[in-house]
>>> print(open('work.txt').read())   # compact mmCIF, C-alpha atoms
# COMPACT_ATOMS: atom_id res chain seq x y z
CA MET V 1 -19.57 -10.26 -5.91
CA GLY V 2 -16.51 -8.28 -4.86
CA SER V 3 -18.44 -5.01 -4.71
CA PHE V 4 -21.18 -6.67 -2.64
CA ILE V 5 -18.63 -7.94 -0.09
CA LYS V 6 -17.03 -4.50 0.01
CA ARG V 7 -20.40 -2.81 0.65
CA GLN V 8 -21.20 -5.27 3.42
CA PHE V 9 -17.83 -4.70 5.04
CA ARG V 10 -18.32 -0.92 4.92
CA LYS V 11 -21.73 -1.37 6.52
CA PHE V 12 -20.14 -3.49 9.26
CA GLU V 13 -17.48 -0.81 9.81
CA ARG V 14 -20.11 1.91 10.13
CA THR V 15 -22.08 -0.18 12.62
CA LEU V 16 -19.02 -0.76 14.78
CA THR V 17 -18.09 2.91 14.57
CA GLU V 18 -21.54 3.95 15.76
CA LYS V 19 -21.50 1.44 18.62
CA LEU V 20 -17.86 1.59 19.72
CA GLY V 21 -15.94 4.47 18.26
CA ARG V 22 -17.71 7.71 19.13
CA ASP V 23 -17.44 8.00 22.90
CA ILE V 24 -14.62 7.97 25.46
CA SER V 25 -16.51 9.69 28.28
CA THR V 26 -16.52 6.68 30.64
CA PRO V 27 -14.00 3.91 31.32
CA GLN V 28 -16.32 1.40 29.63
CA ALA V 29 -16.80 3.65 26.59
CA ARG V 30 -13.06 4.22 26.39
CA ARG V 31 -12.42 0.47 26.37
CA ARG V 32 -14.90 0.08 23.51
CA ALA V 33 -13.24 2.96 21.66
CA MET V 34 -9.85 1.25 22.04
CA TRP V 35 -11.32 -1.89 20.47
CA HIS V 36 -12.58 0.23 17.58
CA PHE V 37 -9.22 1.99 17.32
CA ASN V 38 -7.30 -1.27 17.17
CA LEU V 39 -9.60 -3.26 14.90
CA ILE V 40 -11.25 -0.77 12.56
CA ASP V 41 -8.45 1.80 12.39
CA HIS V 42 -5.82 -1.01 12.37
CA ALA V 43 -3.93 0.46 15.33
CA PHE V 44 -2.71 -3.01 16.30
CA LEU V 45 -0.49 -2.88 13.19
CA ARG V 46 1.08 0.32 14.50
CA THR V 47 1.97 -0.99 17.95
CA PHE V 48 5.63 -1.41 17.09
CA TRP V 49 5.69 0.15 13.60
CA TRP V 50 5.61 3.92 14.06
CA ASN V 51 6.98 5.09 10.69
CA LEU V 52 8.72 7.75 12.78
CA GLU V 53 11.50 9.96 11.47
CA GLU V 54 12.94 13.37 12.21
CA ILE V 55 12.90 15.07 8.81
CA ALA V 56 14.55 18.30 10.00
CA PRO V 57 15.66 19.65 13.38
CA ASP V 58 12.62 19.51 15.71
CA VAL V 59 10.29 18.33 12.91
CA TRP V 60 9.02 14.74 12.84
CA ARG V 61 6.69 12.57 10.76
CA SER V 62 4.89 9.39 11.81
CA ASN V 63 1.73 7.33 11.51
CA GLN V 64 -1.34 7.66 13.75
CA PRO V 65 -0.24 7.59 17.39
CA SER V 66 -2.01 5.80 20.20
CA PRO V 67 -2.55 7.53 23.56
CA LYS V 68 0.48 5.66 24.91
CA ARG V 69 2.59 6.93 22.04
CA VAL V 70 1.41 10.51 22.56
CA ALA V 71 2.76 10.17 26.10
CA HIS V 72 6.06 8.99 24.62
CA TYR V 73 6.12 11.97 22.25
CA HIS V 74 5.62 14.21 25.27
CA SER V 75 8.68 12.62 26.87
CA MET V 76 10.58 13.38 23.64
CA GLY V 77 9.69 17.05 24.05
CA ILE V 78 7.10 17.27 21.26
CA ARG V 79 5.05 20.44 21.79
CA SER V 80 2.68 20.32 18.80
CA ILE V 81 1.07 17.70 16.58
CA ILE V 82 -0.32 18.40 13.11
CA ASN V 83 -3.01 15.81 12.43
CA LEU V 84 -3.32 15.42 8.66
CA ARG V 85 -6.44 13.26 8.97
CA GLY V 86 -8.58 16.21 10.04
CA SER V 87 -11.04 16.28 12.91
CA SER V 88 -13.63 13.53 13.25
CA TYR V 89 -15.89 12.20 15.95
CA GLN V 90 -14.23 8.77 15.90
CA SER V 91 -11.86 6.88 18.16
CA PRO V 92 -8.49 7.84 16.55
CA TYR V 93 -9.25 11.54 16.83
CA LEU V 94 -10.99 11.42 20.22
CA LEU V 95 -8.23 9.37 21.84
CA GLU V 96 -5.46 11.52 20.37
CA GLN V 97 -7.21 14.76 21.30
CA ASP V 98 -7.64 13.55 24.88
CA ALA V 99 -4.02 12.37 25.12
CA CYS V 100 -2.71 15.66 23.75
CA ALA V 101 -4.77 17.61 26.29
CA THR V 102 -3.48 15.37 29.09
CA HIS V 103 0.14 15.97 28.15
CA GLY V 104 -0.08 19.61 27.16
CA ILE V 105 0.56 19.04 23.45
CA ALA V 106 -1.17 21.44 21.05
CA MET V 107 -3.10 19.54 18.37
CA HIS V 108 -3.72 21.16 14.98
CA ASP V 109 -6.03 19.61 12.36
CA VAL V 110 -5.45 19.92 8.61
CA GLU V 111 -7.61 17.50 6.63
CA MET V 112 -5.82 16.05 3.61
CA SER V 113 -6.30 12.98 1.43
CA ALA V 114 -3.88 10.35 0.17
CA ARG V 115 -5.81 9.72 -3.06
CA LYS V 116 -7.60 12.98 -3.84
CA LEU V 117 -6.08 16.42 -4.21
CA VAL V 118 -7.16 19.03 -1.72
CA ALA V 119 -8.01 22.63 -2.48
CA ARG V 120 -5.30 25.28 -2.65
CA ALA V 121 -6.55 26.77 0.60
CA VAL V 122 -5.82 23.52 2.43
CA LEU V 123 -2.20 23.49 1.27
CA GLN V 124 -1.90 27.13 2.28
CA LYS V 125 -3.34 26.29 5.70
CA LEU V 126 -0.84 23.45 6.07
CA LEU V 127 2.11 25.72 5.27
CA ALA V 128 0.84 28.41 7.63
CA THR V 129 0.37 25.83 10.37
CA MET V 130 3.85 24.40 9.92
CA ARG V 131 5.27 27.92 10.17
CA SER V 132 3.33 28.91 13.29
CA VAL V 133 3.20 25.84 15.56
CA GLU V 134 5.41 25.54 18.60
CA ARG V 135 8.38 23.24 18.10
CA PRO V 136 9.36 20.48 18.28
CA PHE V 137 6.35 19.34 16.26
CA LEU V 138 5.20 16.15 14.62
CA MET V 139 2.86 15.60 11.69
CA HIS V 140 1.03 12.37 10.98
CA CYS V 141 -1.67 10.74 8.92
CA LYS V 142 -2.99 7.18 9.33
CA SER V 143 -0.07 5.10 8.05
CA GLY V 144 2.52 7.88 7.85
CA SER V 145 3.11 6.92 4.23
CA ASP V 146 1.35 9.32 1.87
CA ARG V 147 -0.08 12.47 3.45
CA ALA V 148 2.78 12.67 5.95
CA GLY V 149 5.21 12.12 3.10
CA PHE V 150 3.70 14.84 0.94
CA ALA V 151 3.63 17.26 3.88
CA SER V 152 7.28 16.44 4.55
CA VAL V 153 8.16 17.26 0.95
CA LEU V 154 6.41 20.63 1.22
CA TYR V 155 8.09 21.40 4.52
CA LEU V 156 11.58 20.57 3.29
CA ALA V 157 11.24 22.21 -0.13
CA ILE V 158 9.46 25.37 1.02
CA LEU V 159 10.33 26.04 4.64
CA GLU V 160 13.81 24.53 4.62
CA GLY V 161 14.70 25.47 1.04
CA ARG V 162 15.96 21.97 0.23
CA PRO V 163 16.22 20.85 -3.41
CA LEU V 164 12.96 19.25 -4.50
CA ALA V 165 14.77 16.09 -5.60
CA GLU V 166 16.02 15.68 -2.04
CA ALA V 167 12.68 16.53 -0.46
CA ARG V 168 10.83 14.08 -2.72
CA LYS V 169 12.64 11.17 -1.08
CA HIS V 170 9.98 11.40 1.61
CA LEU V 171 7.48 10.00 -0.89
CA HIS V 172 9.18 6.61 -1.04
CA TRP V 173 8.36 2.95 -0.66
CA LYS V 174 10.48 2.74 2.49
CA TYR V 175 7.65 4.65 4.20
CA LEU V 176 5.16 2.36 2.37
CA HIS V 177 4.27 5.04 -0.17
CA LEU V 178 3.67 3.43 -3.57
CA SER V 179 3.62 5.82 -6.50
CA THR V 180 2.12 3.14 -8.77
CA THR V 181 -1.15 3.13 -6.81
CA ASP V 182 -3.83 5.82 -6.48
CA THR V 183 -1.59 7.64 -4.00
CA GLY V 184 0.79 8.35 -6.88
CA ILE V 185 -1.32 11.42 -7.58
CA LEU V 186 0.75 13.13 -4.87
CA ASP V 187 3.92 12.47 -6.87
CA PHE V 188 2.13 13.70 -9.98
CA VAL V 189 1.49 17.07 -8.33
CA LEU V 190 5.23 17.53 -7.99
CA ASP V 191 5.82 16.25 -11.54
CA THR V 192 3.34 18.86 -12.76
CA TYR V 193 5.06 21.62 -10.82
CA GLU V 194 8.46 20.68 -12.27
CA ALA V 195 7.10 20.50 -15.82
CA GLU V 196 5.24 23.82 -15.59
CA THR V 197 8.15 25.75 -14.05
CA GLN V 198 11.04 24.26 -15.97
CA ASP V 199 11.66 27.50 -17.85
CA SER V 200 10.47 30.06 -15.30
CA GLY V 201 12.15 28.63 -12.23
CA MET V 202 9.12 29.58 -10.13
CA ASP V 203 9.41 28.35 -6.54
CA LEU V 204 7.01 25.72 -5.23
CA GLU V 205 5.08 27.95 -2.82
CA THR V 206 4.46 30.60 -5.48
CA TRP V 207 3.25 27.86 -7.84
CA ILE V 208 0.87 26.56 -5.18
CA ASN V 209 -0.46 30.08 -4.56
CA THR V 210 -0.91 30.96 -8.23
CA CYS V 211 -0.96 27.88 -10.48
CA TYR V 212 -1.94 24.79 -8.48
CA ASP V 213 -5.20 23.49 -9.96
CA PRO V 214 -6.36 20.26 -8.30
CA GLU V 215 -9.11 19.58 -10.83
CA ALA V 216 -6.85 19.99 -13.87
CA ILE V 217 -4.08 17.94 -12.27
CA THR V 218 -6.54 15.18 -11.36
CA ALA V 219 -7.86 15.09 -14.92
CA ALA V 220 -4.31 14.87 -16.29
CA TRP V 221 -3.49 12.10 -13.79
CA LYS V 222 -6.51 10.09 -14.87
CA ALA V 223 -5.68 10.58 -18.55
CA LYS V 224 -2.13 9.39 -17.92
CA ARG V 225 -3.52 6.23 -16.33
CA GLY V 226 -6.04 5.70 -19.10
CA GLU V 227 -9.00 6.48 -16.86
CA ALA V 228 -10.30 9.55 -18.66
>>> encode(input="work.txt", output="structure tokens")
Amino acid sequence: MGSFIKRQFRKFERTLTEKLGRDISTPQARRRAMWHFNLIDHAFLRTFWWNLEEIAPDVWRSNQPSPKRVAHYHSMGIRSIINLRGSSYQSPYLLEQDACATHGIAMHDVEMSARKLVARAVLQKLLATMRSVERPFLMHCKSGSDRAGFASVLYLAILEGRPLAEARKHLHWKYLHLSTTDTGILDFVLDTYEAETQDSGMDLETWINTCYDPEAITAAWKAKRGEA
């Protein structure tokens, strides 16, 4: 019964996305896209809750911004946004892309997942993007809890050289990240790094470039949870 309801809801979401969320070319289409953005992407929950924090000088994290919030970020001096949700032909992306163009903010897309590990090349792209973008910059996912938290850990540990224990505080329940759920696989990546480099002292970026194995880590994560 539960799976049937879930399938029907997903079907309803897809229908609304096709009808409302893929066009902002006219005022009427934009209004429909805003309805999709608020209802299907839950933007109404983010009206006053931004999950916004400056993690280092000129580096910020947040949840998905609305066009109005992009304008506010422009007033803050933000020059670049790293969108951790990746590019998509749906209202959140279209509205943000349009707002960034309006306000002269460079938008960079790096598609990550909160519950599935991405390939090594994606993490390398993220690090290269964080190094190259014009500052001040902001990075966000949907809720600002998991992907933004993990990216913040990488930024602080690798680019800022902060102790990993300090950087890991950005994967915390105060940002609504819950390590006991499926998103805990992000914490497990860091646990794996610490366990594998305890004797060698290898730095995190070198480990990502040479040892990070998303398939093996995922299998170990599932075994730990009794899912294997």
>>> residues_near_point(input="work.txt", point="(-12.4, 11.9, 13.4)", cutoff="12 Å", atoms="only C-alpha atoms", output="MDAnalysis selection string")
chainID V and resid 17 21:23 37 41 64 83:97 109:111 141:142
>>> write_last_selection(input="work.txt", atoms="C-alpha atoms", output="mmCIF file, in the frame of the given file")
data_model
loop_
_atom_site.group_PDB
_atom_site.id
_atom_site.type_symbol
_atom_site.label_atom_id
_atom_site.label_comp_id
_atom_site.auth_asym_id
_atom_site.auth_seq_id
_atom_site.Cartn_x
_atom_site.Cartn_y
_atom_site.Cartn_z
ATOM 1 C CA THR V 17 -18.090 2.910 14.570
ATOM 2 C CA GLY V 21 -15.940 4.470 18.260
ATOM 3 C CA ARG V 22 -17.710 7.710 19.130
ATOM 4 C CA ASP V 23 -17.440 8.000 22.900
ATOM 5 C CA PHE V 37 -9.220 1.990 17.320
ATOM 6 C CA ASP V 41 -8.450 1.800 12.390
ATOM 7 C CA GLN V 64 -1.340 7.660 13.750
ATOM 8 C CA ASN V 83 -3.010 15.810 12.430
ATOM 9 C CA LEU V 84 -3.320 15.420 8.660
ATOM 10 C CA ARG V 85 -6.440 13.260 8.970
ATOM 11 C CA GLY V 86 -8.580 16.210 10.040
ATOM 12 C CA SER V 87 -11.040 16.280 12.910
ATOM 13 C CA SER V 88 -13.630 13.530 13.250
ATOM 14 C CA TYR V 89 -15.890 12.200 15.950
ATOM 15 C CA GLN V 90 -14.230 8.770 15.900
ATOM 16 C CA SER V 91 -11.860 6.880 18.160
ATOM 17 C CA PRO V 92 -8.490 7.840 16.550
ATOM 18 C CA TYR V 93 -9.250 11.540 16.830
ATOM 19 C CA LEU V 94 -10.990 11.420 20.220
ATOM 20 C CA LEU V 95 -8.230 9.370 21.840
ATOM 21 C CA GLU V 96 -5.460 11.520 20.370
ATOM 22 C CA GLN V 97 -7.210 14.760 21.300
ATOM 23 C CA ASP V 109 -6.030 19.610 12.360
ATOM 24 C CA VAL V 110 -5.450 19.920 8.610
ATOM 25 C CA GLU V 111 -7.610 17.500 6.630
ATOM 26 C CA CYS V 141 -1.670 10.740 8.920
ATOM 27 C CA LYS V 142 -2.990 7.180 9.330
#
>>> atom_distance(input="work.txt", atom1="CA of Val122 (chain V)", atom2="CA of His74 (chain V)")
27.2 Å
>>> closest_residue(input="work.txt", among="V:Leu45, V:Leu178, V:Cys100, V:Ile105", to="Phe137 (chain V)", atoms="only C-alpha atoms")
V:Ile105
>>> closest_residue(input="work.txt", among="V:Pro27, V:Gly104, V:Pro214, V:Gly149", to="Ala121 (chain V)", atoms="all atoms listed in the file")
V:Pro214
>>> closest_residue(input="work.txt", among="V:Phe150, V:Glu205, V:Gly144, V:Val118", to="Arg46 (chain V)", atoms="all atoms listed in the file")
V:Gly144
>>> residues_around(input="work.txt", residues="region 181-186 of chain V", least_positions_apart="4", cutoff="9 Å", atoms="only C-alpha atoms", output="NGL selection string")
:V and (113-117 or 146-147 or 150 or 171 or 177 or 190-191 or 217-218 or 221)
>>> residues_around(input="work.txt", residues="Leu204 (chain V)", least_positions_apart="2", cutoff="8 Å", atoms="all atoms listed in the file", output="list in words")
Ala157, Ile158, Tyr193, Met202, Thr206, Trp207 and Ile208 of chain V
>>> write_last_selection(input="work.txt", atoms="C-alpha atoms", output="PDB file, in the frame of the given file")
ATOM      1  CA  ALA V 157      11.240  22.210  -0.130  1.00  0.00           C
ATOM      2  CA  ILE V 158       9.460  25.370   1.020  1.00  0.00           C
ATOM      3  CA  TYR V 193       5.060  21.620 -10.820  1.00  0.00           C
ATOM      4  CA  MET V 202       9.120  29.580 -10.130  1.00  0.00           C
ATOM      5  CA  THR V 206       4.460  30.600  -5.480  1.00  0.00           C
ATOM      6  CA  TRP V 207       3.250  27.860  -7.840  1.00  0.00           C
ATOM      7  CA  ILE V 208       0.870  26.560  -5.180  1.00  0.00           C
TER       8      ILE V 208
END
>>> closest_residue(input="work.txt", among="V:Ala216, V:Leu138, V:Met34, V:Leu164", to="Glu194 (chain V)", atoms="all atoms listed in the file")
V:Leu164
>>> residues_around(input="work.txt", residues="Glu166 (chain V)", least_positions_apart="2", cutoff="10 Å", atoms="only C-alpha atoms", output="number ranges by chain")
V: 153, 156-157, 162-164, 168-170
>>> closest_residue(input="work.txt", among="V:Ala165, V:Phe44, V:Ile81, V:Ser179", to="Ala101 (chain V)", atoms="all atoms listed in the file")
V:Ile81
>>> closest_residue(input="work.txt", among="V:Leu176, V:Trp35, V:Asp98, V:Ile24", to="Asn63 (chain V)", atoms="all atoms listed in the file")
V:Leu176
>>> atom_distance(input="work.txt", atom1="CA of Ala167 (chain V)", atom2="CA of Leu154 (chain V)")
7.7 Å
